[in-house]
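Student: One structure is given below, represented as structure tokens, and several questions about it will come after.
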Amino acid sequence: MNKESIPTLSPLFRFQWEEAQQCHVVLYPEGMVKLSQSAGEIMKQVDGEKSVTTIIQTLSDLFDGADVSDDVIAFITEAEKNGWIEPK
Amino acid sequence: MAGLSLNNNGELNPPLWLLAELTYSCPLQCPYCSNPMEIANYKDELSTEDWLRVLHDARKMGSTQLGFSGGEPLVRKDLEILIKEARKLGYYSNLITSGVGMDGERIAGFKEAGLDHIQVSFQASDEELNNFIAGTDSFKHKLEMAREVKKQGYPMVLCFVLHRHNTDKVKDIIELAIALEADYLELATTQYYGWANHNKEQLLPTRKQIEAAEKVAHQYQEKMKDKMRIFYVVPDYFEDRPKPCMNGWGNVFLTITPDGTALPCHSARLIPGLELPNVKDHSIDWIWKDSPDFNKFRGYDWMKEPCRSCDEKEKDFGGCRCQALMQTGDAANTDPVCSKSPHHSELLEEVRRIEGLAGQTIEEHPLVFRNMRVSKKIITSSTGS
């Protein structure tokens, strides 16, 4: 994926908030991955509508203009490698 | 299993993984079934209301992965109701099925109810062996169902349980899974409990078979790595370190059997001295946190040597309690798969003895198929009534 790509959740996976564990998780056949707080925030923006660039901008606005670009790209790359998300 | 992490800061984990064994009824008769041999004794099944309460209470404690299993869960007429509730509660639900009792319409119904994925089991890659092991003519229907599962947009896990009769066919099995476009392929090793343990002499593969199968599985894992995930585990009888059974007793897994008995693993009923709490009498919360059963082998304090002082105990939890019991007579012993166990040489001897039987017709212990009729016979002969 590049910055113009629009990431969307792969149909094999489910992303949700787990109240009992106070974290976001990615669920898939036979397993579950707990996400860190920042990874959870990024995944929340993956909605099949926003491009990577828009996600970076949205998060930056949310966190007082912080430079989140590298973090977002690193996470998107990792998540795509794991098959959680794919370009729409 | 894969991906589930342990809580290392000493807090009790929630029962992340809930296995709902809805019924022991099954149209198949697989001799490697890990259900207890006394299935005919457990005909009283939980009601729909009981199951709905179990789902609700376990979810509240943090259960996330839910497996509908059995027997054959399709036998339960209220399966769709349970799936719907599971989705509403936020479970990631999995139907573990033989495919017998399913059709396109029922799969569509599961989808609508919110089931997340379906695991279809096969007994072999060819019709003759599949139907022999399953004890029913089910192969063609299974193929049809696997295609239907994919067609309806489900992630599909295919499961093959491996033993002496099909381990040599691993290549054909993987090719079949590729042809059916499985997303995950589980080459599960037979777990020698219940019926499988009874049939061990007939089922345990030889070391040579295992080594050949492992090679093929690894080749395909590499070749298929972006298309299909292949899980292959060497049967632990051939290893020198035990499996981290259930990821630790009372740590991740909660099994509810058809009659409502709560177990830390689906074979635990065979361990003597357990109180076997039932969800009809106790809350899931009490069962998980406070019941003597779930605390019996929890953590590390119960361990004896060589586990107690072993630096690998946090990795494998001393292995499997049921295997320790069956092979050494004491469930608190080190799993004899471990080369540090004083009983390890006995296990190796047992494996060698059984290997010697491979290729022979074993007349005194024929392969026993799992069904209610045989179960009743076994119950009668063991109680002498």
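Chain labels run A, B, ... following the order of the structure tokens; each chain numbers its residues from 1, and ligands are numbered from 1 in the order shown.
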Considering only C-alpha atoms, extract the chain A residues located within 9 Å of chain B and return them as a ChimeraX atom specification.
Tutor: /A:11-14,16,18-21,27-34,83
Student: For the selection you just gave me, I'd like the residues written to a file as an mmCIF file, in the first residue's frame, keeping C-alpha atoms.
Tutor:
data_model
loop_
_atom_site.group_PDB
_atom_site.id
_atom_site.type_symbol
_atom_site.label_atom_id
_atom_site.label_comp_id
_atom_site.auth_asym_id
_atom_site.auth_seq_id
_atom_site.Cartn_x
_atom_site.Cartn_y
_atom_site.Cartn_z
ATOM 1 C CA PRO A 11 -13.010 -10.201 5.645
ATOM 2 C CA LEU A 12 -11.080 -12.868 7.588
ATOM 3 C CA PHE A 13 -10.649 -10.574 10.562
ATOM 4 C CA ARG A 14 -12.677 -8.701 13.130
ATOM 5 C CA GLN A 16 -13.220 -4.692 18.285
ATOM 6 C CA GLU A 18 -12.581 -5.716 24.585
ATOM 7 C CA GLU A 19 -14.082 -4.295 27.748
ATOM 8 C CA ALA A 20 -12.681 -7.028 30.025
ATOM 9 C CA GLN A 21 -9.140 -6.420 28.804
ATOM 10 C CA LEU A 27 -9.786 -11.597 15.996
ATOM 11 C CA TYR A 28 -9.334 -14.316 13.406
ATOM 12 C CA PRO A 29 -9.819 -18.072 13.129
ATOM 13 C CA GLU A 30 -7.926 -19.709 15.991
ATOM 14 C CA GLY A 31 -6.482 -16.560 17.434
ATOM 15 C CA MET A 32 -6.506 -13.052 18.768
ATOM 16 C CA VAL A 33 -4.000 -10.220 18.885
ATOM 17 C CA LYS A 34 -4.180 -7.519 21.530
ATOM 18 C CA GLY A 83 -3.294 -9.947 6.470
#
Student: Mind checking DSSP for chain A and telling me the strand (DSSP E or B) residues as a list in words?
Tutor: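 So the strand (DSSP E or B) residues in chain A would be Pro7, Thr8, Leu9, Arg14, Phe15, Gln16, Trp17, Glu18, Cys23, His24, Val25, Val26, Leu27, Tyr28, Gly31, Met32, Val33, Lys34, Ile85, Glu86 and Pro87 of chain A.
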Student: Create the file for the chosen residues now, containing N, CA, C and O atoms and written as an mmCIF file, in the first residue's frame.
Tutor:
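Output contents, as saved in part-v1.cif:
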data_model
loop_
_atom_site.group_PDB
_atom_site.id
_atom_site.type_symbol
_atom_site.label_atom_id
_atom_site.label_comp_id
_atom_site.auth_asym_id
_atom_site.auth_seq_id
_atom_site.Cartn_x
_atom_site.Cartn_y
_atom_site.Cartn_z
ATOM 1 N N PRO A 7 -7.013 1.653 3.013
ATOM 2 C CA PRO A 7 -7.014 0.345 3.677
ATOM 3 C C PRO A 7 -8.397 -0.028 4.215
ATOM 4 O O PRO A 7 -9.143 0.851 4.663
ATOM 5 N N THR A 8 -8.702 -1.306 4.138
ATOM 6 C CA THR A 8 -9.962 -1.793 4.693
ATOM 7 C C THR A 8 -9.687 -3.109 5.420
ATOM 8 O O THR A 8 -8.717 -3.806 5.121
ATOM 9 N N LEU A 9 -10.540 -3.414 6.388
ATOM 10 C CA LEU A 9 -10.335 -4.647 7.162
ATOM 11 C C LEU A 9 -10.574 -5.860 6.261
ATOM 12 O O LEU A 9 -11.561 -5.903 5.529
ATOM 13 N N ARG A 14 -11.773 -9.613 12.442
ATOM 14 C CA ARG A 14 -12.677 -8.701 13.130
ATOM 15 C C ARG A 14 -11.863 -7.860 14.088
ATOM 16 O O ARG A 14 -10.948 -8.354 14.748
ATOM 17 N N PHE A 15 -12.201 -6.577 14.142
ATOM 18 C CA PHE A 15 -11.512 -5.637 15.025
ATOM 19 C C PHE A 15 -12.536 -5.112 16.027
ATOM 20 O O PHE A 15 -13.622 -4.693 15.630
ATOM 21 N N GLN A 16 -12.245 -5.211 17.308
ATOM 22 C CA GLN A 16 -13.220 -4.692 18.285
ATOM 23 C C GLN A 16 -12.566 -4.329 19.613
ATOM 24 O O GLN A 16 -11.442 -4.728 19.908
ATOM 25 N N TRP A 17 -13.313 -3.573 20.407
ATOM 26 C CA TRP A 17 -12.876 -3.190 21.748
ATOM 27 C C TRP A 17 -13.239 -4.309 22.713
ATOM 28 O O TRP A 17 -14.357 -4.835 22.667
ATOM 29 N N GLU A 18 -12.315 -4.707 23.569
ATOM 30 C CA GLU A 18 -12.581 -5.716 24.585
ATOM 31 C C GLU A 18 -12.654 -5.043 25.953
ATOM 32 O O GLU A 18 -11.619 -4.638 26.511
ATOM 33 N N CYS A 23 -8.683 -3.136 25.935
ATOM 34 C CA CYS A 23 -7.831 -2.896 24.767
ATOM 35 C C CYS A 23 -8.584 -3.306 23.500
ATOM 36 O O CYS A 23 -9.587 -4.016 23.570
ATOM 37 N N HIS A 24 -8.076 -2.833 22.374
ATOM 38 C CA HIS A 24 -8.615 -3.283 21.094
ATOM 39 C C HIS A 24 -7.946 -4.596 20.709
ATOM 40 O O HIS A 24 -6.794 -4.844 21.050
ATOM 41 N N VAL A 25 -8.694 -5.434 20.014
ATOM 42 C CA VAL A 25 -8.128 -6.708 19.572
ATOM 43 C C VAL A 25 -8.466 -6.944 18.103
ATOM 44 O O VAL A 25 -9.418 -6.376 17.574
ATOM 45 N N VAL A 26 -7.656 -7.773 17.478
ATOM 46 C CA VAL A 26 -7.968 -8.280 16.150
ATOM 47 C C VAL A 26 -8.233 -9.769 16.310
ATOM 48 O O VAL A 26 -7.409 -10.491 16.887
ATOM 49 N N LEU A 27 -9.386 -10.199 15.843
ATOM 50 C CA LEU A 27 -9.786 -11.597 15.996
ATOM 51 C C LEU A 27 -9.775 -12.294 14.645
ATOM 52 O O LEU A 27 -10.129 -11.696 13.628
ATOM 53 N N TYR A 28 -9.378 -13.538 14.645
ATOM 54 C CA TYR A 28 -9.334 -14.316 13.406
ATOM 55 C C TYR A 28 -9.456 -15.783 13.780
ATOM 56 O O TYR A 28 -9.377 -16.133 14.970
ATOM 57 N N GLY A 31 -7.370 -17.437 16.700
ATOM 58 C CA GLY A 31 -6.482 -16.560 17.434
ATOM 59 C C GLY A 31 -6.970 -15.148 17.653
ATOM 60 O O GLY A 31 -8.039 -14.746 17.184
ATOM 61 N N MET A 32 -6.162 -14.421 18.414
ATOM 62 C CA MET A 32 -6.506 -13.052 18.768
ATOM 63 C C MET A 32 -5.216 -12.298 19.037
ATOM 64 O O MET A 32 -4.295 -12.843 19.635
ATOM 65 N N VAL A 33 -5.157 -11.060 18.582
ATOM 66 C CA VAL A 33 -4.000 -10.220 18.885
ATOM 67 C C VAL A 33 -4.493 -9.001 19.635
ATOM 68 O O VAL A 33 -5.435 -8.330 19.209
ATOM 69 N N LYS A 34 -3.858 -8.733 20.775
ATOM 70 C CA LYS A 34 -4.180 -7.519 21.530
ATOM 71 C C LYS A 34 -3.383 -6.375 20.917
ATOM 72 O O LYS A 34 -2.185 -6.518 20.675
ATOM 73 N N ILE A 85 -5.456 -6.156 7.177
ATOM 74 C CA ILE A 85 -6.071 -5.150 6.299
ATOM 75 C C ILE A 85 -5.579 -5.343 4.878
ATOM 76 O O ILE A 85 -4.564 -6.011 4.636
ATOM 77 N N GLU A 86 -6.314 -4.775 3.923
ATOM 78 C CA GLU A 86 -5.916 -4.855 2.520
ATOM 79 C C GLU A 86 -6.360 -3.575 1.830
ATOM 80 O O GLU A 86 -7.245 -2.868 2.318
ATOM 81 N N PRO A 87 -5.724 -3.256 0.676
ATOM 82 C CA PRO A 87 -6.180 -2.056 -0.023
ATOM 83 C C PRO A 87 -7.555 -2.292 -0.618
ATOM 84 O O PRO A 87 -7.866 -3.392 -1.066
#
Student: Quick check, in Å to one decimal: how far apart do atom CA of Gln327 of chain B and atom CA of Leu270 of chain B lie?
Tutor: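 Distance between the two atoms: 12.7 Å.
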Student: Measure the distance from atom CA of Gln22 of chain A to atom CA of Asp70 of chain A in Å and round it to one decimal.
Tutor: 25.4 Å
Student: Nearest to Pro336 of chain B among B:Tyr237, B:Glu314, B:Cys33, B:Gly71, with distances taken over only C-alpha atoms: which residue is it?
Tutor: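 Counting only C-alpha atoms, the residue closest to Pro336 of chain B is B:Tyr237.
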Student: Please provide the set of residues having any atom within 10 Å of Thr190 of chain B, restricted to only C-alpha atoms, with same-chain residues fewer than 4 positions apart removed, written as number ranges by chain.
Tutor: B: 32-34, 160-164, 196-197, 200, 203-205, 235-236
Student: What residues in segment 101-184 of chain B get the DSSP label alpha helix (DSSP H)? Please answer as number ranges by chain.
Tutor: B: 104-113, 127-134, 139-151, 170-179
Student: Please list as JSON, numbers by chain every residue within 9 Å of Ser5 of chain A, counting only C-alpha atoms and excluding residues in the same chain fewer than 6 positions away.
Tutor: {"A": [50, 51, 52, 53, 87, 88]}
Student: Which polymer residues have any atom within 12 Å of an atom of Gly299 of chain B, counting only C-alpha atoms, with same-chain residues fewer than 2 positions away left out, as a ChimeraX atom specification?
Tutor: /B:6-8,10-13,247-252,294-297,301-303,307-308,313-318
